[in-house]
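J.: The structure that follows is given in the form of structure tokens.
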Amino acid sequence: AVGRIGKPHGVRGWVTVSVTTDEPERRFATGATVLLGDSPQVIAESRLAPRVVVRFAQCTDRGDAELLRG
């Protein structure tokens with residue numbers, strides 16, 4: 001596990017992430033793939049400071065982001 005998805009951040013599909021990896025800059029880099037359950041998700045964008053927020057390529061709005069929570 002590299003992190004836990006928290007609440008949505010904004011209305012464009014961004015989510016907050018509670019990081020559990022020691023290499024967040026590598027694990028959450030643009031283009032990296034992470035597994036959410038059994039589903040691979042590609043990271044479209046990420047911001048690592050002051051907290052980690054990520055937008056997945058398949059997640060386009062706040063409703064999609066809510067479904068990823070947890």
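Here's how to read the names in the structure tokens: chain A, B, ... by the order shown, residue numbers from 1 in each chain, ligand numbers from 1 in the order shown.
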According to DSSP computed on the backbone, where in chain A is there alpha helix (DSSP H)? Give the residues as a PDB file with all heavy atoms, in the first residue's frame.
T.:
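See out.pdb below for the written result:
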```pdb
ATOM      1  N   PRO A  24       6.973   9.108  -1.941  1.00  0.00           N
ATOM      2  CA  PRO A  24       5.778   9.663  -2.567  1.00  0.00           C
ATOM      3  C   PRO A  24       6.045  10.326  -3.915  1.00  0.00           C
ATOM      4  O   PRO A  24       5.210  10.246  -4.820  1.00  0.00           O
ATOM      5  CB  PRO A  24       5.258  10.673  -1.544  1.00  0.00           C
ATOM      6  CG  PRO A  24       6.403  10.964  -0.659  1.00  0.00           C
ATOM      7  CD  PRO A  24       7.271   9.743  -0.671  1.00  0.00           C
ATOM      8  N   GLU A  25       7.212  10.955  -4.086  1.00  0.00           N
ATOM      9  CA  GLU A  25       7.510  11.612  -5.352  1.00  0.00           C
ATOM     10  C   GLU A  25       7.613  10.615  -6.504  1.00  0.00           C
ATOM     11  O   GLU A  25       7.330  10.945  -7.648  1.00  0.00           O
ATOM     12  CB  GLU A  25       8.781  12.465  -5.256  1.00  0.00           C
ATOM     13  CG  GLU A  25      10.045  11.721  -4.901  1.00  0.00           C
ATOM     14  CD  GLU A  25      10.167  11.381  -3.409  1.00  0.00           C
ATOM     15  OE1 GLU A  25       9.577  12.059  -2.554  1.00  0.00           O
ATOM     16  OE2 GLU A  25      10.856  10.400  -3.114  1.00  0.00           O
ATOM     17  N   ARG A  26       7.975   9.384  -6.211  1.00  0.00           N
ATOM     18  CA  ARG A  26       8.066   8.340  -7.236  1.00  0.00           C
ATOM     19  C   ARG A  26       6.720   7.625  -7.418  1.00  0.00           C
ATOM     20  O   ARG A  26       6.275   7.398  -8.534  1.00  0.00           O
ATOM     21  CB  ARG A  26       9.136   7.330  -6.832  1.00  0.00           C
ATOM     22  CG  ARG A  26       9.340   6.261  -7.842  1.00  0.00           C
ATOM     23  CD  ARG A  26      10.543   5.395  -7.492  1.00  0.00           C
ATOM     24  NE  ARG A  26      10.346   4.102  -8.103  1.00  0.00           N
ATOM     25  CZ  ARG A  26      10.556   2.953  -7.518  1.00  0.00           C
ATOM     26  NH1 ARG A  26      11.020   2.916  -6.294  1.00  0.00           N
ATOM     27  NH2 ARG A  26      10.346   1.832  -8.140  1.00  0.00           N
ATOM     28  N   ARG A  27       6.086   7.266  -6.322  1.00  0.00           N
ATOM     29  CA  ARG A  27       4.827   6.511  -6.375  1.00  0.00           C
ATOM     30  C   ARG A  27       3.668   7.316  -6.944  1.00  0.00           C
ATOM     31  O   ARG A  27       2.767   6.766  -7.553  1.00  0.00           O
ATOM     32  CB  ARG A  27       4.443   6.013  -4.988  1.00  0.00           C
ATOM     33  CG  ARG A  27       5.479   5.141  -4.346  1.00  0.00           C
ATOM     34  CD  ARG A  27       5.581   3.821  -5.033  1.00  0.00           C
ATOM     35  NE  ARG A  27       6.537   2.998  -4.298  1.00  0.00           N
ATOM     36  CZ  ARG A  27       7.132   1.958  -4.821  1.00  0.00           C
ATOM     37  NH1 ARG A  27       6.885   1.616  -6.053  1.00  0.00           N
ATOM     38  NH2 ARG A  27       7.988   1.263  -4.110  1.00  0.00           N
ATOM     39  N   ARG A  62     -15.910  15.734  -9.234  1.00  0.00           N
ATOM     40  CA  ARG A  62     -16.013  15.464  -7.799  1.00  0.00           C
ATOM     41  C   ARG A  62     -16.775  14.162  -7.515  1.00  0.00           C
ATOM     42  O   ARG A  62     -16.435  13.428  -6.592  1.00  0.00           O
ATOM     43  CB  ARG A  62     -16.668  16.639  -7.090  1.00  0.00           C
ATOM     44  CG  ARG A  62     -16.626  16.509  -5.583  1.00  0.00           C
ATOM     45  CD  ARG A  62     -17.178  17.757  -4.892  1.00  0.00           C
ATOM     46  NE  ARG A  62     -17.059  17.648  -3.466  1.00  0.00           N
ATOM     47  CZ  ARG A  62     -16.046  18.123  -2.760  1.00  0.00           C
ATOM     48  NH1 ARG A  62     -15.046  18.767  -3.368  1.00  0.00           N
ATOM     49  NH2 ARG A  62     -16.005  17.978  -1.449  1.00  0.00           N
ATOM     50  N   GLY A  63     -17.787  13.861  -8.294  1.00  0.00           N
ATOM     51  CA  GLY A  63     -18.540  12.619  -8.114  1.00  0.00           C
ATOM     52  C   GLY A  63     -17.671  11.397  -8.286  1.00  0.00           C
ATOM     53  O   GLY A  63     -17.734  10.433  -7.496  1.00  0.00           O
ATOM     54  N   ASP A  64     -16.817  11.406  -9.319  1.00  0.00           N
ATOM     55  CA  ASP A  64     -15.866  10.300  -9.521  1.00  0.00           C
ATOM     56  C   ASP A  64     -14.903  10.203  -8.338  1.00  0.00           C
ATOM     57  O   ASP A  64     -14.584   9.108  -7.874  1.00  0.00           O
ATOM     58  CB  ASP A  64     -15.044  10.508 -10.799  1.00  0.00           C
ATOM     59  CG  ASP A  64     -15.860  10.382 -12.079  1.00  0.00           C
ATOM     60  OD1 ASP A  64     -16.964   9.803 -12.024  1.00  0.00           O
ATOM     61  OD2 ASP A  64     -15.375  10.865 -13.116  1.00  0.00           O
ATOM     62  N   ALA A  65     -14.450  11.362  -7.856  1.00  0.00           N
ATOM     63  CA  ALA A  65     -13.509  11.398  -6.735  1.00  0.00           C
ATOM     64  C   ALA A  65     -14.147  10.819  -5.464  1.00  0.00           C
ATOM     65  O   ALA A  65     -13.492  10.091  -4.715  1.00  0.00           O
ATOM     66  CB  ALA A  65     -13.035  12.826  -6.490  1.00  0.00           C
ATOM     67  N   GLU A  66     -15.411  11.116  -5.225  1.00  0.00           N
ATOM     68  CA  GLU A  66     -16.117  10.578  -4.043  1.00  0.00           C
ATOM     69  C   GLU A  66     -16.140   9.049  -4.068  1.00  0.00           C
ATOM     70  O   GLU A  66     -16.034   8.412  -3.032  1.00  0.00           O
ATOM     71  CB  GLU A  66     -17.544  11.101  -3.976  1.00  0.00           C
ATOM     72  CG  GLU A  66     -17.712  12.410  -3.281  1.00  0.00           C
ATOM     73  CD  GLU A  66     -17.417  12.365  -1.786  1.00  0.00           C
ATOM     74  OE1 GLU A  66     -17.402  11.293  -1.157  1.00  0.00           O
ATOM     75  OE2 GLU A  66     -17.200  13.454  -1.233  1.00  0.00           O
ATOM     76  N   LEU A  67     -16.291   8.462  -5.264  1.00  0.00           N
ATOM     77  CA  LEU A  67     -16.345   6.999  -5.373  1.00  0.00           C
ATOM     78  C   LEU A  67     -15.034   6.328  -5.008  1.00  0.00           C
ATOM     79  O   LEU A  67     -15.005   5.149  -4.652  1.00  0.00           O
ATOM     80  CB  LEU A  67     -16.766   6.610  -6.794  1.00  0.00           C
ATOM     81  CG  LEU A  67     -18.156   7.033  -7.229  1.00  0.00           C
ATOM     82  CD1 LEU A  67     -18.377   6.702  -8.689  1.00  0.00           C
ATOM     83  CD2 LEU A  67     -19.223   6.379  -6.352  1.00  0.00           C
ATOM     84  N   LEU A  68     -13.920   7.061  -5.106  1.00  0.00           N
ATOM     85  CA  LEU A  68     -12.591   6.493  -4.806  1.00  0.00           C
ATOM     86  C   LEU A  68     -12.244   6.565  -3.328  1.00  0.00           C
ATOM     87  O   LEU A  68     -11.302   5.913  -2.885  1.00  0.00           O
ATOM     88  CB  LEU A  68     -11.528   7.246  -5.604  1.00  0.00           C
ATOM     89  CG  LEU A  68     -11.653   7.198  -7.123  1.00  0.00           C
ATOM     90  CD1 LEU A  68     -10.552   8.032  -7.745  1.00  0.00           C
ATOM     91  CD2 LEU A  68     -11.591   5.761  -7.622  1.00  0.00           C
TER      92      LEU A  68
END
```
J.: For Gly37 (chain A), list every protein, DNA or RNA residue within 12 Å, evaluated using only C-alpha atoms, and leave out those in the same chain fewer than 3 positions away; present the list as a compact mmCIF listing (two decimals) with N, CA, C and O atoms, in the first residue's frame.
T.:
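The result, stored in around_8.txt:
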```txt
# COMPACT_ATOMS: atom_id res chain seq x y z
N ALA A 1 0.84 -1.18 0.00
CA ALA A 1 0.00 0.00 0.00
C ALA A 1 0.88 1.24 0.00
O ALA A 1 1.87 1.31 0.71
N ARG A 4 -3.78 6.01 1.33
CA ARG A 4 -5.22 5.84 1.46
C ARG A 4 -5.89 7.10 0.92
O ARG A 4 -5.53 8.21 1.31
N ILE A 5 -6.84 6.91 0.04
CA ILE A 5 -7.53 8.05 -0.57
C ILE A 5 -8.52 8.63 0.42
O ILE A 5 -9.33 7.92 1.02
N VAL A 34 -1.24 2.96 -10.16
CA VAL A 34 -1.49 2.38 -8.85
C VAL A 34 -2.75 1.53 -8.92
O VAL A 34 -3.61 1.75 -9.77
N PRO A 40 -6.46 -0.94 -12.05
CA PRO A 40 -5.29 -0.06 -12.20
C PRO A 40 -5.73 1.35 -12.59
O PRO A 40 -6.60 1.52 -13.44
N GLN A 41 -5.14 2.35 -11.96
CA GLN A 41 -5.46 3.75 -12.24
C GLN A 41 -4.16 4.49 -12.55
O GLN A 41 -3.17 4.33 -11.84
N LEU A 68 -13.92 7.06 -5.11
CA LEU A 68 -12.59 6.49 -4.81
C LEU A 68 -12.24 6.56 -3.33
O LEU A 68 -11.30 5.91 -2.89
N ARG A 69 -12.99 7.33 -2.58
CA ARG A 69 -12.67 7.58 -1.17
C ARG A 69 -12.55 6.27 -0.36
O ARG A 69 -13.35 5.37 -0.50
N GLY A 70 -11.51 6.23 0.48
CA GLY A 70 -11.33 5.07 1.35
C GLY A 70 -10.41 4.06 0.75
O GLY A 70 -10.01 3.10 1.29
```
J.: So, with only C-alpha atoms as the atoms that count, which of A:Glu23, A:Val2, A:Lys7, A:Phe28 lies closest to Val54 (chain A)?
T.: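 Distance minimum relative to Val54 (chain A) lands on A:Phe28.
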J.: Would you mind telling me which residue in A:Val19, A:Gly3, A:Arg12, A:Arg55 lies nearest to Val42 (chain A) when using only C-alpha atoms?
T.: A:Arg55
J.: Would you please work out which residue, of A:Trp14, A:Pro8, A:Phe56, A:Arg51, is nearest to Ala29 (chain A) when using only C-alpha atoms?
T.: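 For Ala29 (chain A), the nearest of the given residues is A:Phe56.
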J.: For a quick check of understanding, using only C-alpha atoms, which of A:Gly6, A:Val11, A:Val17, A:Leu36 has the smallest distance to Pro50 (chain A)?
T.: A:Val17
J.: Calculated over only C-alpha atoms, which of the candidates A:Cys59, A:Thr20, A:Gly13, A:Thr30 has the smallest distance to Ser46 (chain A)?
T.: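 Among the listed residues, A:Thr30 lies closest to Ser46 (chain A).
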